[in-house]
Structures are given as C-alpha cells and as structure tokens.
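So the structure is just underneath, and the comments pick up after that.
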Amino acid sequence: MSPTGNSARRARTDDRTNLIGKIVEIMRDSWDTPADCNDGELFTYAEVLFDRIAAGEAAETLDLYLADVQTHKLGMPASDAHRAILDRSIALIQPSL
C-alpha cells in the first residue's frame, strides 16, 4: 500500500477513535457510573455502539443495547439516560458517515 493510503487509513482510524472517545464522554455525562467502572470498559461499549450506528442498525435495537448496558452490565437503575446517549451519539456520528 502506498504511503498516501496508509495516511488515509490512519486518519480514518484516528477519527473513529476520537468519535468513540466523545461517546465515552457522553456516557460519563449521562450516567452516574459505578466506582469500579473505568474508561476502558465504557470505551468498549462505545465502540460497539459506534460500529452498530455506522452499520445502520435501527435506533430501537441500539436503544435496547444501551438499556442492557446500563442496567445489566453496569448495574445501574433503569432510566431514560440511555436514550439521551443514543440520540447524542447518533447526532455526533451521522455527519462523519
């Protein structure tokens, strides 16, 4: 692959990582996460969310995914916070697709 191709791939990866990091910030702003939850764990959930949004998955399915993360994975009480995270994440990612 040419150096230009490598640079373009690296730029896409950097953009993707940056957007996932912003989703982590949205999650941190929206959820009162447990003390033992770290950014690495949230990054994993944010990365899955990013990939699923980019793949065009239905908002209802994504909402169920985040609700499961909130209540079952992180053990937080049910609330509408996951919907706000989804809406803000879609708004963040859509322009870059």
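Chain labels follow the order of the structure tokens: the first chain is A, the next B, and so on; residue numbering restarts at 1 in every chain, and ligands are counted from 1 in their shown order.
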Inset, instruction - Find the residues around Leu49 of chain A up to 10 Å (only C-alpha atoms counted), leave out those fewer than 6 positions away in its own chain, and share them as a list in words. - result: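 Contacts, in chain order: Ile20, Ile23, Phe43, Ala55, Glu57, Leu62, Asp63, Tyr65, Leu66, Leu86, Ser89 and Ile90 of chain A.
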Inset, instruction - May I ask which of the residues A:Pro77, A:Ile85, A:Arg16, A:Met27 is the closest one to Leu97 of chain A, counting only C-alpha atoms? - result: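 With only C-alpha atoms as the atom set, the closest residue is A:Arg16.
Put simply, atom CA of Ile53 of chain A is 11.9 Å away from atom CA of Leu19 of chain A.
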Inset, instruction - Compare A:Gly21, A:Pro95, A:Gly75, A:Pro34 by their minimum atom-to-atom distance to Ala46 of chain A, counting only C-alpha atoms, and give me the closest one. - result: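 Answer, going by the shortest atom-to-atom distance: A:Gly21.
In this comparison, which uses only C-alpha atoms, the residue of A:Thr44, A:Thr33, A:Asn38, A:Gln94 approaching Thr17 of chain A most closely is A:Thr44.
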Inset, instruction - If you run DSSP over the backbone, which residues in segment 50-94 of chain A end up alpha helix (DSSP H)? Put them as number ranges by chain. - result: A: 50-54, 59-68, 81-93
Inset, instruction - Kindly indicate which residue among A:Ala54, A:Ser30, A:Gly40, A:Val24 lies nearest to Ala84 of chain A, using only C-alpha atoms for the distances. - result: A:Ser30
Inset, instruction - Pick out the closest residue to Asp51 of chain A from this set: A:Leu64, A:Leu74, A:Ile93, A:Ala35. Count only C-alpha atoms. - result: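 The closest residue to Asp51 of chain A is A:Ile93.
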